[in-house]
$ cat work21.txt   # compact mmCIF, C-alpha atoms
# COMPACT_ATOMS: atom_id res chain seq x y z
CA MET A 52 18.75 75.16 189.43
CA THR A 53 21.48 76.20 187.01
CA ASP A 54 20.83 77.54 183.53
CA ASP A 55 22.39 74.49 181.86
CA PHE A 56 20.20 74.33 178.77
CA ASN A 57 22.12 75.28 175.62
CA LEU A 58 20.06 75.63 172.46
CA ALA A 59 23.19 75.88 170.32
CA ALA A 60 24.32 72.46 171.58
CA LEU A 61 21.19 70.78 170.17
CA PRO A 62 21.30 69.19 166.71
CA SER A 63 20.81 71.73 163.93
CA ALA A 64 17.66 71.36 161.86
CA ASP A 65 19.36 72.81 158.77
CA GLY A 66 18.91 70.72 155.63
CA VAL A 67 16.08 69.05 153.76
CA TRP A 68 13.34 67.48 155.87
CA HIS A 69 11.55 64.88 153.77
CA HIS A 70 9.05 62.04 154.23
CA LEU A 71 6.68 64.52 155.83
CA HIS A 72 2.91 64.68 155.88
CA LEU A 73 2.08 68.37 156.20
CA ALA A 74 -1.18 69.04 158.02
CA PRO A 75 -3.47 71.50 156.20
CA GLU A 76 -2.96 74.18 158.85
CA ALA A 77 0.82 74.07 158.34
CA LEU A 78 0.49 76.11 155.15
CA GLY A 79 -2.15 78.60 156.31
CA ALA A 80 -5.89 79.13 156.07
CA GLY A 81 -7.62 77.26 153.27
CA ALA A 82 -4.55 75.23 152.30
CA SER A 83 -4.64 71.53 151.60
CA GLY A 84 -2.36 69.06 153.31
CA LEU A 85 0.64 67.55 151.53
CA PRO A 86 1.12 63.79 152.06
CA ASP A 87 4.70 63.73 150.71
CA ALA A 88 6.22 67.09 151.54
CA ALA A 89 9.61 68.58 152.19
CA ILE A 90 10.82 71.52 154.28
CA VAL A 91 14.17 73.19 153.72
CA VAL A 92 15.79 74.82 156.75
CA GLU A 93 18.76 77.14 156.32
CA GLN A 94 20.44 78.97 159.20
CA GLY A 95 17.44 78.18 161.40
CA ASP A 96 14.80 79.62 159.05
CA ILE A 97 12.40 78.07 156.57
CA ALA A 98 13.92 78.49 153.09
CA TRP A 99 11.43 76.40 151.11
CA VAL A 100 8.36 74.23 151.70
CA GLY A 101 6.27 72.19 149.28
CA ALA A 102 5.75 68.83 147.65
CA HIS A 103 8.93 66.75 147.77
CA ALA A 104 8.68 66.15 144.02
CA ASP A 105 8.96 69.92 143.45
CA LEU A 106 12.11 70.39 145.54
CA PRO A 107 14.35 72.83 143.63
CA ASP A 108 17.71 71.49 142.46
CA VAL A 109 19.55 74.18 144.42
CA TYR A 110 18.68 72.37 147.66
CA ARG A 111 19.53 68.83 146.57
CA HIS A 112 23.09 69.02 147.87
CA LEU A 113 21.97 69.68 151.44
CA SER A 114 22.00 67.07 154.18
CA THR A 115 18.68 65.36 154.76
CA HIS A 116 16.49 64.54 157.73
CA ASP A 117 14.03 61.67 157.38
CA GLY A 118 10.74 62.69 158.98
CA GLN A 119 9.53 59.06 159.00
CA ARG A 120 6.20 60.01 157.41
CA GLY A 121 5.35 62.02 160.51
CA LEU A 122 2.42 64.41 160.55
CA VAL A 123 3.80 67.96 160.63
CA THR A 124 2.15 70.99 162.17
CA PRO A 125 3.55 74.42 162.99
CA GLY A 126 5.00 74.73 166.45
CA LEU A 127 2.14 75.11 168.91
CA ILE A 128 1.53 78.40 170.73
CA ASP A 129 0.16 78.79 174.25
CA CYS A 130 -1.06 82.37 174.07
CA HIS A 131 -2.43 82.89 177.60
CA THR A 132 -0.59 81.65 180.69
CA HIS A 133 0.26 82.77 184.20
CA LEU A 134 3.21 80.38 184.36
CA VAL A 135 5.35 82.18 186.97
CA TYR A 136 3.95 82.16 190.51
CA GLY A 137 4.60 80.89 194.00
CA GLY A 138 2.67 78.19 195.84
CA GLN A 139 -0.48 76.39 194.73
CA ARG A 140 -4.19 76.61 195.50
CA ALA A 141 -5.46 73.05 195.73
CA ASN A 142 -7.38 74.00 198.86
CA GLU A 143 -9.51 76.42 196.84
CA PHE A 144 -10.28 73.65 194.39
CA ALA A 145 -11.62 71.68 197.33
CA MET A 146 -13.61 74.72 198.53
CA ARG A 147 -15.31 75.07 195.17
CA LEU A 148 -16.14 71.36 195.17
CA ALA A 149 -17.78 71.92 198.53
CA GLY A 150 -19.99 74.61 197.04
CA ALA A 151 -18.09 77.91 197.28
CA SER A 152 -18.29 80.15 194.19
CA TYR A 153 -15.32 81.82 192.53
CA GLU A 154 -16.46 85.16 193.96
CA GLU A 155 -16.89 83.68 197.46
CA VAL A 156 -13.39 82.21 197.40
CA ALA A 157 -11.97 85.59 196.35
CA ARG A 158 -13.90 87.53 198.99
CA ALA A 159 -12.73 85.10 201.69
CA GLY A 160 -9.14 86.11 201.02
CA GLY A 161 -8.39 83.33 198.58
CA GLY A 162 -8.10 83.56 194.86
CA ILE A 163 -5.49 85.76 193.24
CA VAL A 164 -4.47 87.42 196.51
CA SER A 165 -3.36 84.10 198.02
CA SER A 166 -1.04 83.58 195.06
CA VAL A 167 0.22 87.12 195.54
CA LYS A 168 1.29 86.28 199.09
CA ALA A 169 3.16 83.15 197.97
CA THR A 170 4.77 84.92 195.04
CA ARG A 171 5.95 87.83 197.16
CA GLU A 172 7.48 85.43 199.68
CA ALA A 173 9.40 83.51 196.98
CA SER A 174 12.80 84.62 195.74
CA GLU A 175 13.42 85.10 192.04
CA GLU A 176 15.44 81.88 192.02
CA GLU A 177 12.63 79.98 193.75
CA LEU A 178 10.10 81.28 191.22
CA PHE A 179 12.36 80.21 188.38
CA ASP A 180 12.85 76.72 189.81
CA ALA A 181 9.09 76.31 190.31
CA SER A 182 8.38 77.46 186.76
CA VAL A 183 10.87 75.18 185.02
CA PRO A 184 8.86 71.90 185.20
CA ARG A 185 5.74 73.74 184.04
CA MET A 186 7.61 75.09 181.03
CA GLN A 187 9.13 71.68 180.32
CA ALA A 188 5.70 70.03 180.32
CA LEU A 189 4.38 72.48 177.71
CA LEU A 190 7.49 72.32 175.53
CA ALA A 191 7.39 68.52 175.49
CA GLU A 192 4.01 68.74 173.73
CA GLY A 193 5.30 70.88 170.88
CA VAL A 194 4.84 74.41 172.24
CA CYS A 195 7.29 76.75 170.49
CA ALA A 196 5.95 80.10 171.69
CA ILE A 197 4.23 81.06 174.92
CA GLU A 198 2.82 84.10 176.66
CA ILE A 199 3.66 84.57 180.34
CA LYS A 200 1.77 87.16 182.39
CA SER A 201 2.77 88.84 185.61
CA GLY A 202 0.01 89.79 188.04
CA TYR A 203 0.90 87.86 191.19
CA GLY A 204 3.33 90.48 192.49
CA LEU A 205 1.12 93.60 192.47
CA SER A 206 4.05 95.84 193.41
CA LEU A 207 6.90 97.08 191.28
CA ALA A 208 9.55 94.86 192.86
CA HIS A 209 7.49 91.68 192.71
CA GLU A 210 6.02 92.26 189.24
CA ARG A 211 9.60 92.87 188.06
CA LYS A 212 10.60 89.57 189.66
CA GLN A 213 7.95 87.65 187.73
CA LEU A 214 8.79 89.27 184.41
CA ARG A 215 12.52 88.71 184.89
CA VAL A 216 11.84 85.02 185.43
CA ALA A 217 9.76 84.93 182.23
CA ARG A 218 12.61 86.49 180.26
CA ARG A 219 15.06 84.02 181.80
CA LEU A 220 12.86 81.06 180.85
CA ALA A 221 12.93 82.26 177.24
CA GLN A 222 16.71 82.39 177.25
CA VAL A 223 17.29 79.14 179.10
CA PHE A 224 14.91 77.05 177.01
CA GLY A 225 15.37 78.73 173.65
CA VAL A 226 11.66 79.40 173.24
CA THR A 227 9.76 82.50 172.15
CA VAL A 228 8.21 84.09 175.25
CA ARG A 229 5.96 87.15 175.09
CA THR A 230 5.64 88.87 178.45
CA THR A 231 2.44 90.59 179.50
CA PHE A 232 2.25 93.05 182.38
CA LEU A 233 -0.89 92.26 184.39
CA GLY A 234 -0.39 94.61 187.30
CA ALA A 235 -4.14 95.30 187.21
CA HIS A 236 -4.97 91.70 188.09
CA ALA A 237 -6.30 92.20 191.60
CA LEU A 238 -6.17 94.76 194.39
CA PRO A 239 -3.22 94.09 196.73
CA PRO A 240 -4.05 93.98 200.46
CA GLU A 241 -2.21 97.21 201.21
CA TYR A 242 -4.54 99.05 198.81
CA ALA A 243 -7.80 97.66 200.19
CA GLY A 244 -10.56 100.20 199.51
CA ARG A 245 -8.23 102.33 197.38
CA SER A 246 -8.49 100.82 193.91
CA ASP A 247 -8.13 104.17 192.13
CA ASP A 248 -4.87 104.83 194.00
CA TYR A 249 -3.58 101.42 192.97
CA ILE A 250 -4.46 101.99 189.33
CA ARG A 251 -2.49 105.26 189.46
CA LEU A 252 0.47 103.29 190.80
CA VAL A 253 0.13 100.78 187.95
CA CYS A 254 -0.07 103.50 185.30
CA GLU A 255 2.37 106.09 186.62
CA GLU A 256 5.09 104.02 188.29
CA MET A 257 4.98 100.28 187.64
CA MET A 258 4.24 100.17 183.92
CA PRO A 259 6.71 102.90 182.84
CA ALA A 260 9.52 101.42 184.93
CA LEU A 261 9.04 97.85 183.71
CA ALA A 262 8.65 98.98 180.10
CA ALA A 263 11.87 101.01 180.36
CA GLU A 264 13.66 97.86 181.54
CA GLY A 265 12.49 95.95 178.46
CA LEU A 266 10.39 93.51 180.47
CA VAL A 267 6.97 94.19 178.90
CA ASP A 268 5.65 93.13 175.49
CA ALA A 269 1.95 93.82 176.17
CA VAL A 270 -0.42 95.00 178.93
CA ASP A 271 -3.48 93.19 180.30
CA VAL A 272 -6.25 93.98 182.83
CA PHE A 273 -8.75 91.82 184.71
CA CYS A 274 -11.91 93.77 183.94
CA GLU A 275 -14.64 92.22 186.07
CA THR A 276 -16.94 92.86 189.02
CA ILE A 277 -14.30 91.36 191.34
CA GLY A 278 -11.50 93.00 189.35
CA PHE A 279 -11.31 96.48 187.86
CA SER A 280 -13.96 98.73 186.33
CA LEU A 281 -14.26 99.89 182.74
CA ALA A 282 -13.02 103.34 183.70
CA GLN A 283 -9.98 101.90 185.47
CA THR A 284 -9.30 99.57 182.55
CA GLU A 285 -9.37 102.52 180.18
CA GLN A 286 -6.83 104.34 182.35
CA VAL A 287 -4.45 101.39 182.08
CA PHE A 288 -4.98 101.15 178.33
CA GLN A 289 -4.27 104.86 177.88
CA ALA A 290 -1.04 104.51 179.83
CA ALA A 291 -0.03 101.50 177.74
CA GLN A 292 -0.86 103.34 174.54
CA ALA A 293 1.33 106.26 175.62
CA LEU A 294 4.23 103.81 176.04
CA GLY A 295 3.58 102.17 172.66
CA LEU A 296 2.52 98.87 174.23
CA PRO A 297 -0.29 96.71 172.79
CA VAL A 298 -3.14 95.70 175.08
CA LYS A 299 -5.29 92.66 175.77
CA LEU A 300 -8.04 91.96 178.26
CA HIS A 301 -9.46 89.38 180.64
CA ALA A 302 -13.01 90.13 179.52
CA GLU A 303 -16.56 88.98 180.11
CA GLN A 304 -15.59 85.90 182.14
CA LEU A 305 -18.15 86.24 184.92
CA SER A 306 -20.45 88.95 183.56
CA ASP A 307 -20.91 91.25 180.58
CA MET A 308 -19.00 94.37 181.57
CA GLY A 309 -18.55 95.64 178.00
CA GLY A 310 -14.81 95.24 178.30
CA SER A 311 -14.40 93.63 174.90
CA ALA A 312 -15.81 96.65 173.09
CA LEU A 313 -13.50 98.91 175.11
CA ALA A 314 -10.50 96.73 174.35
CA ALA A 315 -11.36 96.65 170.67
CA ARG A 316 -11.47 100.45 170.66
CA PHE A 317 -7.82 100.35 171.71
CA GLY A 318 -6.98 97.80 168.98
CA ALA A 319 -6.48 95.00 171.51
CA LEU A 320 -4.56 91.94 170.40
CA SER A 321 -7.06 89.70 172.17
CA CYS A 322 -9.99 89.42 174.54
CA ASP A 323 -9.76 86.31 176.70
CA HIS A 324 -12.33 84.10 178.46
CA ILE A 325 -15.41 85.93 176.99
CA GLU A 326 -18.05 83.47 178.20
CA HIS A 327 -20.51 86.40 178.53
CA LEU A 328 -19.47 88.23 175.36
CA SER A 329 -22.31 90.22 173.77
CA ALA A 330 -23.20 90.74 170.14
CA GLU A 331 -21.87 94.29 170.45
CA GLY A 332 -18.58 92.98 171.75
CA ILE A 333 -18.32 90.50 168.89
CA ALA A 334 -18.95 93.22 166.33
CA ALA A 335 -16.31 95.48 167.90
CA MET A 336 -13.75 92.67 167.98
CA ARG A 337 -14.42 91.78 164.36
CA GLN A 338 -13.97 95.41 163.33
CA ALA A 339 -10.69 95.73 165.26
CA GLY A 340 -9.26 92.35 164.25
CA THR A 341 -9.10 91.33 167.92
CA VAL A 342 -8.65 87.62 168.60
CA ALA A 343 -11.05 85.74 170.87
CA VAL A 344 -8.93 83.58 173.21
CA LEU A 345 -10.92 80.65 174.54
CA LEU A 346 -9.85 79.04 177.81
CA PRO A 347 -11.64 75.72 178.28
CA GLY A 348 -9.44 74.74 181.23
CA ALA A 349 -10.87 77.52 183.39
CA TYR A 350 -14.38 76.81 182.12
CA PHE A 351 -13.94 73.15 183.11
CA THR A 352 -12.27 73.76 186.47
CA LEU A 353 -14.88 76.31 187.54
CA ARG A 354 -17.64 73.98 186.30
CA ASP A 355 -19.04 76.86 184.30
CA THR A 356 -22.19 76.32 182.28
CA HIS A 357 -22.28 79.59 180.32
CA MET A 358 -20.49 78.69 177.12
CA PRO A 359 -18.69 81.33 175.03
CA PRO A 360 -20.71 82.35 171.93
CA ILE A 361 -18.72 80.12 169.58
CA ALA A 362 -21.32 80.02 166.80
CA ASP A 363 -21.65 83.82 166.79
CA LEU A 364 -17.88 84.30 166.77
CA ARG A 365 -17.63 81.82 163.90
CA ALA A 366 -20.38 83.54 161.95
CA ALA A 367 -18.73 86.94 162.44
CA GLY A 368 -15.35 85.65 161.32
CA VAL A 369 -13.61 86.56 164.59
CA PRO A 370 -10.40 84.50 164.86
CA MET A 371 -10.53 82.09 167.81
CA ALA A 372 -7.44 80.97 169.71
CA VAL A 373 -7.24 78.25 172.37
CA SER A 374 -4.89 78.30 175.36
CA THR A 375 -4.22 76.57 178.67
CA ASP A 376 -4.63 79.69 180.86
CA HIS A 377 -2.21 77.85 183.14
CA ASN A 378 -2.60 79.35 186.60
CA PRO A 379 -2.70 78.02 190.15
CA GLY A 380 -6.31 78.84 190.88
CA THR A 381 -8.69 78.21 188.01
CA SER A 382 -6.76 76.29 185.34
CA PRO A 383 -3.83 74.25 186.65
CA ALA A 384 -3.49 72.75 183.17
CA LEU A 385 -0.16 71.84 181.63
CA SER A 386 -1.34 70.19 178.42
CA LEU A 387 -2.27 72.31 175.43
CA LEU A 388 -3.43 69.16 173.64
CA LEU A 389 -5.91 68.51 176.44
CA MET A 390 -7.23 72.05 175.92
CA VAL A 391 -7.59 71.23 172.21
CA ASN A 392 -9.79 68.28 173.13
CA MET A 393 -11.79 70.35 175.62
CA ALA A 394 -12.35 73.10 173.06
CA CYS A 395 -13.86 70.47 170.77
CA THR A 396 -15.93 68.63 173.36
CA LEU A 397 -17.00 71.52 175.61
CA PHE A 398 -17.15 74.38 173.10
CA ARG A 399 -18.13 72.39 169.99
CA MET A 400 -15.21 73.67 167.94
CA THR A 401 -14.08 71.71 164.91
CA VAL A 402 -10.66 70.11 164.46
CA PRO A 403 -9.52 72.71 161.88
CA GLU A 404 -10.71 75.49 164.21
CA VAL A 405 -8.79 74.21 167.22
CA LEU A 406 -5.63 73.57 165.21
CA ALA A 407 -5.79 77.15 163.94
CA GLY A 408 -6.50 78.13 167.53
CA VAL A 409 -3.16 76.83 168.80
CA THR A 410 -1.13 77.95 165.78
CA ARG A 411 -1.90 80.95 163.55
CA HIS A 412 -4.71 82.48 165.61
CA ALA A 413 -2.69 82.07 168.80
CA ALA A 414 0.22 83.76 167.03
CA GLN A 415 -2.08 86.66 166.10
CA ALA A 416 -3.18 86.95 169.73
CA LEU A 417 0.46 87.63 170.61
CA GLY A 418 1.27 89.84 167.65
CA LEU A 419 3.51 87.10 166.23
CA GLN A 420 1.53 86.28 163.09
CA ALA A 421 4.39 87.33 160.78
CA THR A 422 6.80 84.77 162.21
CA HIS A 423 4.94 82.04 164.11
CA GLY A 424 1.98 79.71 163.77
CA ARG A 425 2.70 78.64 160.19
CA ILE A 426 5.40 77.00 158.10
CA ALA A 427 6.36 79.61 155.54
CA VAL A 428 9.48 80.89 153.83
CA GLY A 429 11.31 83.40 155.99
CA CYS A 430 9.79 82.22 159.26
CA PRO A 431 11.90 80.67 162.02
CA ALA A 432 11.90 76.88 161.85
CA ASN A 433 9.32 75.96 164.47
CA PHE A 434 7.44 72.78 163.63
CA VAL A 435 6.38 69.50 165.22
CA LEU A 436 6.52 65.97 163.83
CA TRP A 437 3.82 63.74 165.28
CA PRO A 438 3.72 59.91 164.97
CA LEU A 439 0.07 60.16 163.95
CA GLY A 440 -1.83 59.33 160.80
CA ASP A 441 -4.59 61.92 161.04
CA VAL A 442 -4.58 65.48 162.31
CA ALA A 443 -7.83 64.74 164.16
CA GLU A 444 -5.81 62.56 166.54
CA LEU A 445 -4.34 65.72 168.07
CA ALA A 446 -7.82 66.48 169.39
CA TYR A 447 -9.00 62.90 169.84
CA TRP A 448 -6.68 61.32 172.42
CA LEU A 449 -7.21 62.03 176.12
CA GLY A 450 -4.15 61.88 178.36
CA GLN A 451 -1.86 60.36 175.76
CA ARG A 452 1.11 62.58 174.97
CA PRO A 453 2.41 61.56 171.55
CA THR A 454 6.17 61.05 171.46
CA CYS A 455 6.63 63.96 169.09
CA SER A 456 9.81 65.54 167.78
CA VAL A 457 10.05 69.33 167.91
CA VAL A 458 12.11 71.69 165.80
CA ARG A 459 12.29 74.90 167.79
CA GLN A 460 14.19 77.96 166.63
CA GLY A 461 16.00 75.91 164.02
CA ARG A 462 17.17 73.15 166.38
CA LEU A 463 15.89 69.66 167.09
CA ALA A 464 14.84 70.53 170.64
CA VAL A 465 12.73 67.44 171.42
CA ASP A 466 13.54 64.11 169.77
CA GLY A 467 10.72 61.86 170.87
CA MET A 468 10.68 60.00 167.55
CA GLY A 469 14.41 59.27 167.67
CA LEU A 470 15.21 61.22 164.51
CA HIS A 471 18.73 62.17 165.61
CA ARG A 472 19.61 58.59 166.54
CA MET A 473 19.29 57.34 162.97
CA SER A 474 22.30 55.88 161.18
CA PRO A 475 24.61 58.52 159.70
CA LEU A 476 23.63 59.63 156.23
CA PRO A 477 26.06 60.00 153.34
CA GLU A 478 27.36 63.52 152.73
CA HIS A 479 25.17 64.11 149.67
CA PRO A 480 22.46 61.47 149.87
CA PRO A 481 20.16 60.86 146.93
CA LEU A 482 16.65 62.27 147.26

$ encode --input "work21.txt" --output "structure tokens"
Amino acid sequence: MTDDFNLAALPSADGVWHHLHLAPEALGAGASGLPDAAIVVEQGDIAWVGAHADLPDVYRHLSTHDGQRGLVTPGLIDCHTHLVYGGQRANEFAMRLAGASYEEVARAGGGIVSSVKATREASEEELFDASVPRMQALLAEGVCAIEIKSGYGLSLAHERKQLRVARRLAQVFGVTVRTTFLGAHALPPEYAGRSDDYIRLVCEEMMPALAAEGLVDAVDVFCETIGFSLAQTEQVFQAAQALGLPVKLHAEQLSDMGGSALAARFGALSCDHIEHLSAEGIAAMRQAGTVAVLLPGAYFTLRDTHMPPIADLRAAGVPMAVSTDHNPGTSPALSLLLMVNMACTLFRMTVPEVLAGVTRHAAQALGLQATHGRIAVGCPANFVLWPLGDVAELAYWLGQRPTCSVVRQGRLAVDGMGLHRMSPLPEHPPL
């Protein structure tokens, strides 16, 4: 596949966007929605936002874009994905349906290690081509920023390959991509029985080299009984800290290892999965400002019954994000809106909570809260127009992808509502 996408060739979003219905979450926590709003975009950034009636005169000479009374939210953020990998693992899905547990699949040579084999065998170009339709599916639903983890290479050359593909996807599709080095995802076959040696490789060779090449935005570890211990996780975090890299953690998915409290001690951006999160972990996360990333797709696929402590997180004021956790083994999900519905139905989250979970809280989980997840002056123009009358519809529909229009990085990147095919407007149209 050639890199034929050209963001600069897309229609500019500069001008006054009017006939908009701003969702409450568009303006931040505690804000009210605006039924007749306007957004001013200049040079790809938000220059002004508010009630259309209050539009300053200085902007009235600008060209206009009719939003057709669309519901407007910030661009969505998928803050936990494993988007770049080789192969697929449908056979393991069938194994679990036949009664095998996640741990049994892993110990039989399946799980993460099977994806490692397929990823190592794939060329960088093949990984890119396989990742493109996955990225396109997410972007079509209004995703404007996404995290992509490595962790299926488990050697310097193959982890580099994954992270290079992630960087290329960002460039080709004109989307914000945060890369996370997940070298401590599983033990590669060549290090069987030598997990401490592998962790030294991760800390002393892989991480420094990849960071020096500008391929790493954050560092993650799979801290679990079938993953890496607390002591090994701390080693990785110390190495990341020495390189000035923020950390996050796959924590408390299958058992309470105390990983969340450890991660919080290192000021982690997020702790993810957290079905078995303890009260101590919640308190540590609240103190550190660490985001709880909830992954209902994995919970659903694994047919888990141990729900994350949503009520306790809510009571403690810990910000909760929601993500697809797209991966070939436990969450082959390519719809963030479906995850929004699952977070409501499976985890009992409210509509405002899940909308915050895929916008401002997801941005915080990636360290992007200053620029993404809200519609505010000075932020890049990333917002979605939905042909919906109520924000609750974003969580309500199952399997229906609204034909939205997406302004991404100041360009009309998706035009599902046909906004660019309108009749030409006069040079200085009346407002």

$ residues_around --input "work21.txt" --residues "A:Pro431" --least-positions-apart "6" --cutoff "8 Å" --atoms "all atoms listed in the file" --output "short mmCIF file (atom, residue, chain, number, x, y, z; two decimals) with C-alpha atoms, keeping the file's coordinate frame"
data_model
loop_
_atom_site.label_atom_id
_atom_site.label_comp_id
_atom_site.auth_asym_id
_atom_site.auth_seq_id
_atom_site.Cartn_x
_atom_site.Cartn_y
_atom_site.Cartn_z
CA GLY A 95 17.44 78.18 161.40
CA ASP A 96 14.80 79.62 159.05
CA ILE A 97 12.40 78.07 156.57
CA THR A 422 6.80 84.77 162.21
CA HIS A 423 4.94 82.04 164.11
CA GLN A 460 14.19 77.96 166.63
CA GLY A 461 16.00 75.91 164.02
#

$ residues_around --input "work21.txt" --residues "A:Gly126" --least-positions-apart "2" --cutoff "10 Å" --atoms "only C-alpha atoms" --output "PyMOL selection string"
chain A and resi 77+123-124+128+190+192-196+409-411+423-426+432-436+457-460

$ atom_distance --input "work21.txt" --atom1 "atom CA of A:Phe273" --atom2 "atom CA of A:Ala319"
13.8 Å

$ closest_residue --input "work21.txt" --among "A:Val270, A:Ala102, A:Leu313, A:Met308" --to "A:Gly295" --atoms "all atoms listed in the file"
A:Val270

$ residues_around --input "work21.txt" --residues "A:Ala181" --least-positions-apart "4" --cutoff "10 Å" --atoms "only C-alpha atoms" --output "PyMOL selection string"
chain A and resi 52+134-138+173+175-177+185-186

$ residues_around --input "work21.txt" --residues "A:Phe232" --least-positions-apart "3" --cutoff "8 Å" --atoms "all atoms listed in the file" --output "ChimeraX atom specification"
/A:200-202,210,214,258,267-271

$ residues_around --input "work21.txt" --residues "A:Val442" --least-positions-apart "5" --cutoff "9 Å" --atoms "all atoms listed in the file" --output "JSON, numbers by chain"
{"A": [74, 75, 122, 123, 124, 402, 403, 406]}

$ write_last_selection --input "work21.txt" --atoms "C-alpha atoms" --output "short mmCIF file (atom, residue, chain, number, x, y, z; two decimals), keeping the file's coordinate frame"
data_model
loop_
_atom_site.label_atom_id
_atom_site.label_comp_id
_atom_site.auth_asym_id
_atom_site.auth_seq_id
_atom_site.Cartn_x
_atom_site.Cartn_y
_atom_site.Cartn_z
CA ALA A 74 -1.18 69.04 158.02
CA PRO A 75 -3.47 71.50 156.20
CA LEU A 122 2.42 64.41 160.55
CA VAL A 123 3.80 67.96 160.63
CA THR A 124 2.15 70.99 162.17
CA VAL A 402 -10.66 70.11 164.46
CA PRO A 403 -9.52 72.71 161.88
CA LEU A 406 -5.63 73.57 165.21
#

$ atom_distance --input "work21.txt" --atom1 "atom CA of A:Leu220" --atom2 "atom CA of A:Gly450"
25.8 Å

$ atom_distance --input "work21.txt" --atom1 "atom CA of A:Leu61" --atom2 "atom CA of A:Gln420"
26.0 Å

$ axis_aligned_box --input "work21.txt" --around "stretch 184-188 of chain A" --padding-each-side "5 Å" --output "JSON"
{"center_x": 7.4, "center_y": 72.6, "center_z": 182.8, "size_x": 13.4, "size_y": 15.1, "size_z": 14.9}

$ closest_residue --input "work21.txt" --among "A:Glu275, A:Glu326, A:Glu198, A:Glu172" --to "A:Lys212" --atoms "only C-alpha atoms"
A:Glu172

$ decode --input "work21.txt" --residues "stretch 81-92 of chain A" --atoms "C-alpha atoms" --output "PDB file, in the first residue's frame"
ATOM      1  CA  GLY A  81     -19.676  20.741  34.497  1.00  0.00           C
ATOM      2  CA  ALA A  82     -20.468  22.770  31.372  1.00  0.00           C
ATOM      3  CA  SER A  83     -23.915  22.982  29.857  1.00  0.00           C
ATOM      4  CA  GLY A  84     -24.609  22.221  26.229  1.00  0.00           C
ATOM      5  CA  LEU A  85     -25.221  24.987  23.696  1.00  0.00           C
ATOM      6  CA  PRO A  86     -28.122  24.356  21.276  1.00  0.00           C
ATOM      7  CA  ASP A  87     -27.123  27.145  18.843  1.00  0.00           C
ATOM      8  CA  ALA A  88     -23.356  27.407  19.010  1.00  0.00           C
ATOM      9  CA  ALA A  89     -20.494  28.478  16.807  1.00  0.00           C
ATOM     10  CA  ILE A  90     -16.844  27.449  16.580  1.00  0.00           C
ATOM     11  CA  VAL A  91     -14.205  29.594  14.919  1.00  0.00           C
ATOM     12  CA  VAL A  92     -11.236  27.769  13.396  1.00  0.00           C
TER      13      VAL A  92
END
